[in-house]
>>> print(open('coords.cif').read())   # mmCIF, C-alpha atoms
data_protein
loop_
_atom_site.label_atom_id
_atom_site.label_comp_id
_atom_site.auth_asym_id
_atom_site.auth_seq_id
_atom_site.Cartn_x
_atom_site.Cartn_y
_atom_site.Cartn_z
CA MET A 1 1.57 52.65 -124.47
CA LEU A 2 -0.28 51.09 -121.56
CA PRO A 3 0.94 48.00 -119.76
CA ALA A 4 -0.32 44.69 -121.08
CA ALA A 5 -3.25 43.25 -119.13
CA LEU A 6 -2.96 40.13 -117.03
CA PRO A 7 -5.74 37.50 -117.25
CA SER A 8 -7.43 38.77 -114.10
CA ALA A 9 -6.11 42.32 -113.91
CA ALA A 10 -5.63 45.45 -115.94
CA VAL A 11 -3.53 48.53 -115.35
CA SER A 12 -4.19 51.98 -116.70
CA ALA A 13 -1.87 54.95 -116.46
CA GLY A 14 -3.22 58.28 -115.31
CA CYS A 15 -1.79 61.75 -115.83
CA ALA A 16 1.95 61.59 -116.32
CA LEU A 17 3.29 59.71 -113.34
CA GLY A 18 0.28 60.55 -111.22
CA ILE A 19 -1.98 57.57 -110.57
CA VAL A 20 -1.78 54.00 -111.76
CA VAL A 21 -4.90 51.97 -111.05
CA LEU A 22 -4.91 48.17 -110.81
CA THR A 23 -8.31 46.50 -110.86
CA ALA A 24 -8.91 42.83 -110.31
CA SER A 25 -11.94 40.65 -110.75
CA PRO A 26 -13.08 39.00 -107.51
CA ALA A 27 -13.01 35.60 -109.28
CA PRO A 28 -10.52 32.88 -109.61
CA GLY A 29 9.07 44.66 -99.35
CA GLN A 30 9.00 47.70 -99.20
CA GLU A 31 8.44 49.62 -95.91
CA THR A 32 6.83 53.00 -95.46
CA ILE A 33 9.47 55.73 -95.27
CA ALA A 34 10.29 56.71 -91.70
CA GLY A 35 8.65 59.93 -90.58
CA ALA A 36 5.85 60.09 -93.16
CA GLU A 37 2.27 60.88 -92.13
CA HIS A 38 -0.98 59.97 -93.89
CA VAL A 39 -4.18 62.02 -93.57
CA HIS A 40 -7.45 60.49 -94.75
CA TRP A 41 -10.46 62.70 -95.48
CA PRO A 42 -13.72 61.58 -97.08
CA LEU A 43 -12.80 63.07 -100.47
CA ILE A 44 -9.03 63.41 -100.39
CA GLU A 45 -5.87 61.68 -99.23
CA ILE A 46 -2.79 63.62 -98.13
CA VAL A 47 0.69 62.23 -97.49
CA LEU A 48 3.43 64.33 -95.91
CA ALA A 49 7.00 63.02 -95.92
CA PRO A 50 10.36 64.45 -94.83
CA ASP A 51 13.18 64.53 -97.37
CA SER A 52 16.84 65.22 -96.72
CA CYS A 53 17.17 67.58 -99.71
CA ASP A 54 13.73 69.02 -100.40
CA GLY A 55 12.51 69.55 -96.83
CA VAL A 56 8.93 68.25 -96.85
CA TRP A 57 6.85 66.72 -99.61
CA VAL A 58 3.12 67.46 -99.40
CA LEU A 59 1.22 65.13 -101.74
CA ALA A 60 -2.53 65.04 -102.32
CA ALA A 61 -4.85 62.93 -104.46
CA PRO A 62 -8.57 62.13 -104.56
CA ASN A 63 -9.83 59.54 -102.11
CA LEU A 64 -10.10 55.99 -103.42
CA ALA A 65 -13.91 56.11 -103.11
CA THR A 66 -14.38 59.18 -105.33
CA ARG A 67 -15.05 59.28 -109.05
CA ASP A 68 -11.80 61.21 -109.51
CA TRP A 69 -9.90 57.94 -109.13
CA ASP A 70 -11.79 56.56 -112.12
CA ARG A 71 -10.86 59.68 -114.06
CA ARG A 72 -7.24 58.91 -113.11
CA ASN A 73 -6.42 62.46 -112.09
CA GLY A 74 -2.81 63.06 -111.23
CA LEU A 75 -1.63 63.91 -107.76
CA ILE A 76 -0.68 67.39 -106.62
CA ARG A 77 2.76 67.67 -105.05
CA ILE A 78 4.30 70.55 -103.17
CA SER A 79 7.89 70.64 -101.96
CA THR A 80 8.40 73.14 -99.17
CA ASP A 81 10.84 74.19 -96.50
CA PRO A 82 9.90 72.80 -93.07
CA VAL A 83 10.10 76.24 -91.45
CA LEU A 84 7.65 77.63 -94.01
CA LEU A 85 5.35 74.66 -93.42
CA LEU A 86 5.40 75.31 -89.67
CA GLN A 87 4.57 78.98 -90.23
CA TRP A 88 1.74 78.10 -92.60
CA ALA A 89 0.32 75.56 -90.15
CA GLY A 90 0.26 78.18 -87.41
CA THR A 91 -1.55 80.66 -89.66
CA ALA A 92 -4.03 77.99 -90.75
CA ARG A 93 -4.79 77.01 -87.16
CA SER A 94 -5.44 80.63 -86.22
CA LEU A 95 -7.82 81.00 -89.14
CA ALA A 96 -9.64 77.74 -88.38
CA HIS A 97 -10.24 78.64 -84.74
CA ALA A 98 -10.77 82.41 -85.02
CA PRO A 99 -13.99 83.58 -83.35
CA ASP A 100 -16.94 84.34 -85.58
CA THR A 101 -17.31 87.98 -86.55
CA THR A 102 -20.22 90.07 -87.71
CA VAL A 103 -20.99 89.31 -91.34
CA ASP A 104 -20.06 92.13 -93.69
CA ARG A 105 -22.37 91.63 -96.64
CA GLY A 106 -20.15 93.77 -98.84
CA GLY A 107 -16.92 92.08 -97.85
CA PRO A 108 -15.11 89.09 -99.34
CA ARG A 109 -16.75 85.68 -99.16
CA PHE A 110 -13.65 84.01 -97.72
CA ARG A 111 -10.65 84.72 -95.57
CA THR A 112 -7.62 82.67 -96.58
CA THR A 113 -4.15 81.74 -95.47
CA PRO A 114 -1.18 82.63 -97.64
CA ARG A 115 -0.33 80.01 -100.24
CA LEU A 116 1.72 77.02 -99.16
CA GLN A 117 3.94 76.98 -102.23
CA GLY A 118 7.38 75.57 -102.87
CA ARG A 119 8.29 77.79 -105.81
CA PRO A 120 6.72 80.67 -107.76
CA GLN A 121 4.08 79.51 -110.24
CA GLY A 122 4.24 76.01 -108.74
CA PRO A 123 1.46 73.96 -107.11
CA TYR A 124 0.05 75.40 -103.92
CA ALA A 125 -2.40 74.82 -101.09
CA LEU A 126 -4.40 77.25 -99.00
CA LEU A 127 -7.06 77.09 -96.34
CA ALA A 128 -10.16 79.25 -96.74
CA ARG A 129 -12.83 80.16 -94.19
CA SER A 130 -16.25 81.41 -95.18
CA THR A 131 -17.20 84.84 -93.87
CA LYS A 132 -20.86 84.13 -94.58
CA PRO A 133 -23.24 81.96 -92.54
CA ALA A 134 -22.43 78.31 -93.27
CA PRO A 135 -22.85 74.93 -91.56
CA PHE A 136 -20.10 74.23 -89.07
CA GLU A 137 -18.74 71.29 -91.07
CA ARG A 138 -18.57 73.35 -94.29
CA ARG A 139 -17.11 76.54 -92.91
CA LEU A 140 -13.55 75.61 -93.89
CA GLN A 141 -12.25 74.60 -97.32
CA LEU A 142 -8.89 73.21 -98.36
CA ILE A 143 -7.95 74.31 -101.87
CA LEU A 144 -5.19 72.58 -103.85
CA VAL A 145 -4.06 73.91 -107.22
CA ASP A 146 -1.59 72.82 -109.88
CA SER A 147 -1.96 75.47 -112.58
CA VAL A 148 0.43 73.72 -114.98
CA GLU A 149 -1.51 70.45 -114.93
CA LYS A 150 -4.81 72.38 -114.90
CA THR A 151 -5.82 70.60 -111.69
CA GLN A 152 -7.78 72.20 -108.87
CA TRP A 153 -9.49 70.51 -105.95
CA LYS A 154 -11.62 72.11 -103.27
CA THR A 155 -12.97 70.13 -100.35
CA SER A 156 -14.87 71.16 -97.25
CA ALA A 157 -13.33 70.28 -93.92
CA SER A 158 -14.33 70.35 -90.29
CA PRO A 159 -12.07 72.03 -87.72
CA ASP A 160 -11.16 68.57 -86.38
CA GLN A 161 -10.06 67.42 -89.83
CA VAL A 162 -8.00 70.56 -90.29
CA ASP A 163 -6.43 70.07 -86.85
CA ARG A 164 -5.39 66.52 -87.79
CA LEU A 165 -3.80 67.77 -91.01
CA LEU A 166 -1.96 70.59 -89.28
CA ALA A 167 -0.71 68.31 -86.49
CA ALA A 168 0.67 65.92 -89.12
CA ALA A 169 2.30 68.82 -91.00
CA GLU A 170 3.97 70.14 -87.85
CA LEU A 171 5.19 66.67 -86.90
CA VAL A 172 6.74 66.01 -90.31
CA ALA A 173 8.25 69.51 -90.49
CA THR A 174 9.91 68.97 -87.10
CA ARG A 175 11.30 65.63 -88.26
CA ALA A 176 12.62 67.13 -91.50
CA MET A 177 14.53 70.05 -90.04
CA PRO A 178 17.54 68.06 -88.75
CA LEU A 179 17.78 66.10 -92.02
CA ARG A 180 18.78 68.83 -94.45
CA ALA A 181 21.51 67.85 -96.90
CA PRO A 182 22.94 69.46 -100.04
CA VAL A 183 20.50 69.50 -102.94
CA ASP A 184 21.18 66.89 -105.62
CA SER A 185 22.27 69.14 -108.48
CA THR A 186 21.93 66.37 -111.06
CA LEU A 187 18.15 66.14 -110.65
CA LEU A 188 15.73 68.11 -112.80
CA ARG A 189 14.37 70.92 -110.63
CA GLU A 190 12.91 73.63 -112.89
CA GLU A 191 10.15 71.36 -114.14
CA ASN A 192 8.09 74.04 -115.88
CA ALA A 193 10.89 76.07 -117.44
CA PRO A 194 11.15 76.51 -121.23
CA GLY A 195 12.91 73.61 -122.91
CA ILE A 196 11.95 71.13 -120.20
CA GLU A 197 10.02 67.92 -120.92
CA ARG A 198 8.77 65.92 -117.96
CA ALA A 199 9.29 62.18 -117.71
CA SER A 200 6.42 59.94 -118.80
CA ILE A 201 5.42 56.28 -118.68
CA VAL A 202 6.23 53.95 -121.57
CA GLU A 203 5.28 50.71 -119.86
CA ILE A 204 4.80 49.49 -116.29
CA PRO A 205 4.17 45.76 -115.86
CA ALA A 206 0.88 45.07 -114.13
CA PRO A 207 1.60 44.75 -110.41
CA HIS A 208 0.69 41.43 -108.88
CA TYR A 209 -2.47 41.75 -106.77
CA PRO A 210 -1.56 39.80 -103.59
CA SER A 211 -3.75 36.71 -103.60
CA GLU A 212 -4.80 36.81 -99.96
CA LEU A 213 -5.76 40.49 -100.17
CA ARG A 214 -7.76 39.88 -103.33
CA ARG A 215 -9.58 36.94 -101.74
CA ASN A 216 -10.49 39.18 -98.81
CA TYR A 217 -11.66 41.97 -101.16
CA GLN A 218 -9.06 44.27 -99.61
CA GLN A 219 -8.28 47.38 -101.63
CA GLY A 220 -5.62 49.99 -101.09
CA SER A 221 -3.02 52.32 -102.50
CA VAL A 222 0.74 52.79 -102.44
CA TRP A 223 2.31 56.26 -102.58
CA THR A 224 5.81 56.17 -104.04
CA ALA A 225 8.72 58.42 -104.96
CA TYR A 226 11.55 57.33 -107.23
CA ILE A 227 14.11 58.65 -109.69
CA ILE A 228 13.84 58.02 -113.41
CA GLY A 229 17.35 58.00 -114.80
CA ALA A 230 18.50 59.38 -118.12
CA ASP A 231 18.33 55.81 -119.44
CA GLY A 232 14.55 55.63 -118.93
CA ALA A 233 14.55 53.23 -115.98
CA ALA A 234 13.89 53.65 -112.26
CA GLU A 235 17.30 54.00 -110.63
CA PRO A 236 18.19 51.01 -108.44
CA GLY A 237 17.57 51.77 -104.79
CA SER A 238 15.65 54.99 -105.49
CA ILE A 239 12.12 53.60 -105.06
CA ARG A 240 10.73 54.80 -101.76
CA VAL A 241 7.31 53.93 -100.39
CA LEU A 242 5.89 57.00 -98.67
CA TYR A 243 2.69 55.29 -97.55
CA ALA A 244 1.00 51.95 -98.20
CA ASP A 245 -2.27 50.47 -96.97
CA HIS A 246 -0.58 47.06 -96.66
CA PRO A 247 3.06 45.87 -96.87
CA ALA A 248 2.11 43.33 -99.56
CA PHE A 249 0.75 46.13 -101.75
CA ALA A 250 3.98 48.08 -101.20
CA ALA A 251 6.20 45.16 -102.22
CA SER A 252 4.13 44.46 -105.34
CA ALA A 253 4.09 48.10 -106.43
CA ALA A 254 7.83 48.54 -105.90
CA GLU A 255 8.61 45.39 -107.88
CA ALA A 256 6.49 46.58 -110.82
CA LEU A 257 8.08 50.02 -110.84
CA ALA A 258 11.56 48.49 -110.82
CA ARG A 259 10.67 46.75 -114.10
CA GLY A 260 9.01 49.77 -115.68
CA ARG A 261 10.18 51.63 -118.76
CA PHE A 262 9.91 55.39 -119.04
CA ARG A 263 10.66 58.25 -121.35
CA PRO A 264 13.20 60.27 -119.34
CA ALA A 265 12.88 63.95 -118.69
CA ARG A 266 14.75 66.17 -121.12
CA SER A 267 16.40 69.55 -120.76
CA HIS A 268 16.75 71.18 -124.18
CA GLY A 269 16.71 67.73 -125.76
CA VAL A 270 19.23 66.14 -123.40
CA PRO A 271 17.95 63.26 -121.19
CA VAL A 272 18.22 64.09 -117.47
CA ARG A 273 17.31 62.50 -114.13
CA GLU A 274 14.00 63.39 -112.48
CA ARG A 275 12.38 62.48 -109.18
CA VAL A 276 8.74 61.54 -109.70
CA PHE A 277 5.84 60.68 -107.43
CA GLN A 278 3.22 58.08 -108.19
CA VAL A 279 0.21 56.49 -106.57
CA ILE A 280 -0.53 52.85 -107.44
CA THR A 281 -3.98 51.74 -106.44
CA PHE A 282 -5.32 48.21 -106.04
CA ARG A 283 -9.08 48.00 -106.55
CA ILE A 284 -11.61 45.19 -106.73
CA ARG A 285 -13.96 45.31 -109.71
CA ARG A 286 -17.41 44.44 -108.38
#
>>> encode(input="coords.cif", output="structure tokens")
Amino acid sequence: MLPAALPSAAVSAGCALGIVVLTASPAPGQETIAGAEHVHWPLIEIVLAPDSCDGVWVLAAPNLATRDWDRRNGLIRISTDPVLLLQWAGTARSLAHAPDTTVDRGGPRFRTTPRLQGRPQGPYALLARSTKPAPFERRLQLILVDSVEKTQWKTSASPDQVDRLLAAAELVATRAMPLRAPVDSTLLREENAPGIERASIVEIPAPHYPSELRRNYQQGSVWTAYIIGADGAAEPGSIRVLYADHPAFAASAAEALARGRFRPARSHGVPVRERVFQVITFRIRR
């Protein structure tokens, strides 16, 4: 069931708890979590955030300007240990800045980093570098894969873009290391194990599009994390804004999520708590 439409706005839900898009006709708070970093590329957005239990969250979704937003593709999320993220960033930097070598026509087309992966069979990221002649700005590719959700994105990147991503990753990993706390054992963790059903949206009230931002044709997105309790509601105090393009968007998104209704995750038929991630996007319909 999708949320009911407001007179000047409509909300549509994307892949389970991935992207919610709010569009508004041009007619008639929460704060960003401390320590998070946002990386904007022409085709993709990446948010990295420290967490006291999970280490570092690495979240990626298509850029607002791409057609993938209209397809409402879900976001890819990787939870990783900060030490592993630092090691991966070092390997990726070495690959990105390695000197060119003689092309071996019989060799592999790409050299790659190891996978940045939180758990076996889970979502992962890797950086690839072409071993064949290629334009400078297309020599590197970031590949993001969620095999369970059948999602795979590949985007070319310049060395400068890769450097900005790796600098953000190292900064967040450094911030996360002193924060480690015992893992919350009551949260669903083996999301893809047999007998597990992920949480899903029943209804989210249409977020209010802040009037001043709509008048100024300002668009944006809000990246959130929150816990859906066994009762099918967002747990009070659990909604965290990881990144927002404007504080007014963040406040509106958080208020809507607090009033949302969900089907809770289930473990062998028993409702359980689950942390979910969601992007809520405010767009102007031209």
>>> atom_distance(input="coords.cif", atom1="atom CA of Phe110 of chain A", atom2="atom CA of Ala128 of chain A")
6.0 Å
>>> resolve_selection(input="coords.cif", expression="the PyMOL selection byres ((chain A and resi 235) around 12)", output="PyMOL selection string")
chain A and resi 225-234+236-240+254+257-262+264+273-276
>>> closest_residue(input="coords.cif", among="A:Ser185, A:Thr113, A:Ser252, A:Thr174", to="Asp51 of chain A", atoms="only C-alpha atoms")
A:Thr174
>>> residues_around(input="coords.cif", residues="Asp184 of chain A", least_positions_apart="5", cutoff="10 Å", atoms="all atoms listed in the file", output="mmCIF file with C-alpha atoms, keeping the file's coordinate frame")
data_model
loop_
_atom_site.group_PDB
_atom_site.id
_atom_site.type_symbol
_atom_site.label_atom_id
_atom_site.label_comp_id
_atom_site.auth_asym_id
_atom_site.auth_seq_id
_atom_site.Cartn_x
_atom_site.Cartn_y
_atom_site.Cartn_z
ATOM 1 C CA CYS A 53 17.170 67.580 -99.710
ATOM 2 C CA ASP A 54 13.730 69.020 -100.400
ATOM 3 C CA ARG A 189 14.370 70.920 -110.630
#
>>> resolve_selection(input="coords.cif", expression="the PyMOL selection byres ((chain A and resi 157) around 12)", output="PDB file with C-alpha atoms, in the coordinates of the input")
ATOM      1  CA  HIS A  40      -7.450  60.490 -94.750  1.00  0.00           C
ATOM      2  CA  TRP A  41     -10.460  62.700 -95.480  1.00  0.00           C
ATOM      3  CA  PRO A  42     -13.720  61.580 -97.080  1.00  0.00           C
ATOM      4  CA  LEU A  43     -12.800  63.070-100.470  1.00  0.00           C
ATOM      5  CA  ILE A  44      -9.030  63.410-100.390  1.00  0.00           C
ATOM      6  CA  ALA A  96      -9.640  77.740 -88.380  1.00  0.00           C
ATOM      7  CA  LEU A 127      -7.060  77.090 -96.340  1.00  0.00           C
ATOM      8  CA  ALA A 128     -10.160  79.250 -96.740  1.00  0.00           C
ATOM      9  CA  ARG A 129     -12.830  80.160 -94.190  1.00  0.00           C
ATOM     10  CA  SER A 130     -16.250  81.410 -95.180  1.00  0.00           C
ATOM     11  CA  PRO A 135     -22.850  74.930 -91.560  1.00  0.00           C
ATOM     12  CA  PHE A 136     -20.100  74.230 -89.070  1.00  0.00           C
ATOM     13  CA  GLU A 137     -18.740  71.290 -91.070  1.00  0.00           C
ATOM     14  CA  ARG A 138     -18.570  73.350 -94.290  1.00  0.00           C
ATOM     15  CA  ARG A 139     -17.110  76.540 -92.910  1.00  0.00           C
ATOM     16  CA  LEU A 140     -13.550  75.610 -93.890  1.00  0.00           C
ATOM     17  CA  GLN A 141     -12.250  74.600 -97.320  1.00  0.00           C
ATOM     18  CA  LEU A 142      -8.890  73.210 -98.360  1.00  0.00           C
ATOM     19  CA  ILE A 143      -7.950  74.310-101.870  1.00  0.00           C
ATOM     20  CA  LYS A 154     -11.620  72.110-103.270  1.00  0.00           C
ATOM     21  CA  THR A 155     -12.970  70.130-100.350  1.00  0.00           C
ATOM     22  CA  SER A 156     -14.870  71.160 -97.250  1.00  0.00           C
ATOM     23  CA  SER A 158     -14.330  70.350 -90.290  1.00  0.00           C
ATOM     24  CA  PRO A 159     -12.070  72.030 -87.720  1.00  0.00           C
ATOM     25  CA  ASP A 160     -11.160  68.570 -86.380  1.00  0.00           C
ATOM     26  CA  GLN A 161     -10.060  67.420 -89.830  1.00  0.00           C
ATOM     27  CA  VAL A 162      -8.000  70.560 -90.290  1.00  0.00           C
ATOM     28  CA  ASP A 163      -6.430  70.070 -86.850  1.00  0.00           C
ATOM     29  CA  ARG A 164      -5.390  66.520 -87.790  1.00  0.00           C
ATOM     30  CA  LEU A 165      -3.800  67.770 -91.010  1.00  0.00           C
TER      31      LEU A 165
END
>>> resolve_selection(input="coords.cif", expression="the PyMOL selection byres ((chain A and resi 181) around 7)", output="PyMOL selection string")
chain A and resi 52-53+179-180+182-183
>>> residues_around(input="coords.cif", residues="Glu37 of chain A", least_positions_apart="3", cutoff="9 Å", atoms="all atoms listed in the file", output="list in words")
Ile46, Val47, Leu48, Ala49, Ala168, Ala169, Leu171, Val172, Leu242 and Tyr243 of chain A
>>> atom_distance(input="coords.cif", atom1="atom CA of Arg119 of chain A", atom2="atom CA of Glu190 of chain A")
9.4 Å
>>> atom_distance(input="coords.cif", atom1="atom CA of Glu203 of chain A", atom2="atom CA of Ile78 of chain A")
25.9 Å
>>> closest_residue(input="coords.cif", among="A:Val272, A:Ile196, A:Val279, A:Val202", to="Thr224 of chain A", atoms="all atoms listed in the file")
A:Val279
>>> residues_around(input="coords.cif", residues="Trp88 of chain A", least_positions_apart="3", cutoff="8 Å", atoms="only C-alpha atoms", output="PyMOL selection string")
chain A and resi 84-85+91-92+113-114+116
>>> write_last_selection(input="coords.cif", atoms="C-alpha atoms", output="mmCIF file, in the coordinates of the input")
data_model
loop_
_atom_site.group_PDB
_atom_site.id
_atom_site.type_symbol
_atom_site.label_atom_id
_atom_site.label_comp_id
_atom_site.auth_asym_id
_atom_site.auth_seq_id
_atom_site.Cartn_x
_atom_site.Cartn_y
_atom_site.Cartn_z
ATOM 1 C CA LEU A 84 7.650 77.630 -94.010
ATOM 2 C CA LEU A 85 5.350 74.660 -93.420
ATOM 3 C CA THR A 91 -1.550 80.660 -89.660
ATOM 4 C CA ALA A 92 -4.030 77.990 -90.750
ATOM 5 C CA THR A 113 -4.150 81.740 -95.470
ATOM 6 C CA PRO A 114 -1.180 82.630 -97.640
ATOM 7 C CA LEU A 116 1.720 77.020 -99.160
#
>>> closest_residue(input="coords.cif", among="A:Pro247, A:Gly269, A:Pro82, A:Pro178", to="Leu213 of chain A", atoms="only C-alpha atoms")
A:Pro247
>>> closest_residue(input="coords.cif", among="A:Arg77, A:Arg214, A:Arg93, A:His246", to="Ala125 of chain A", atoms="all atoms listed in the file")
A:Arg77
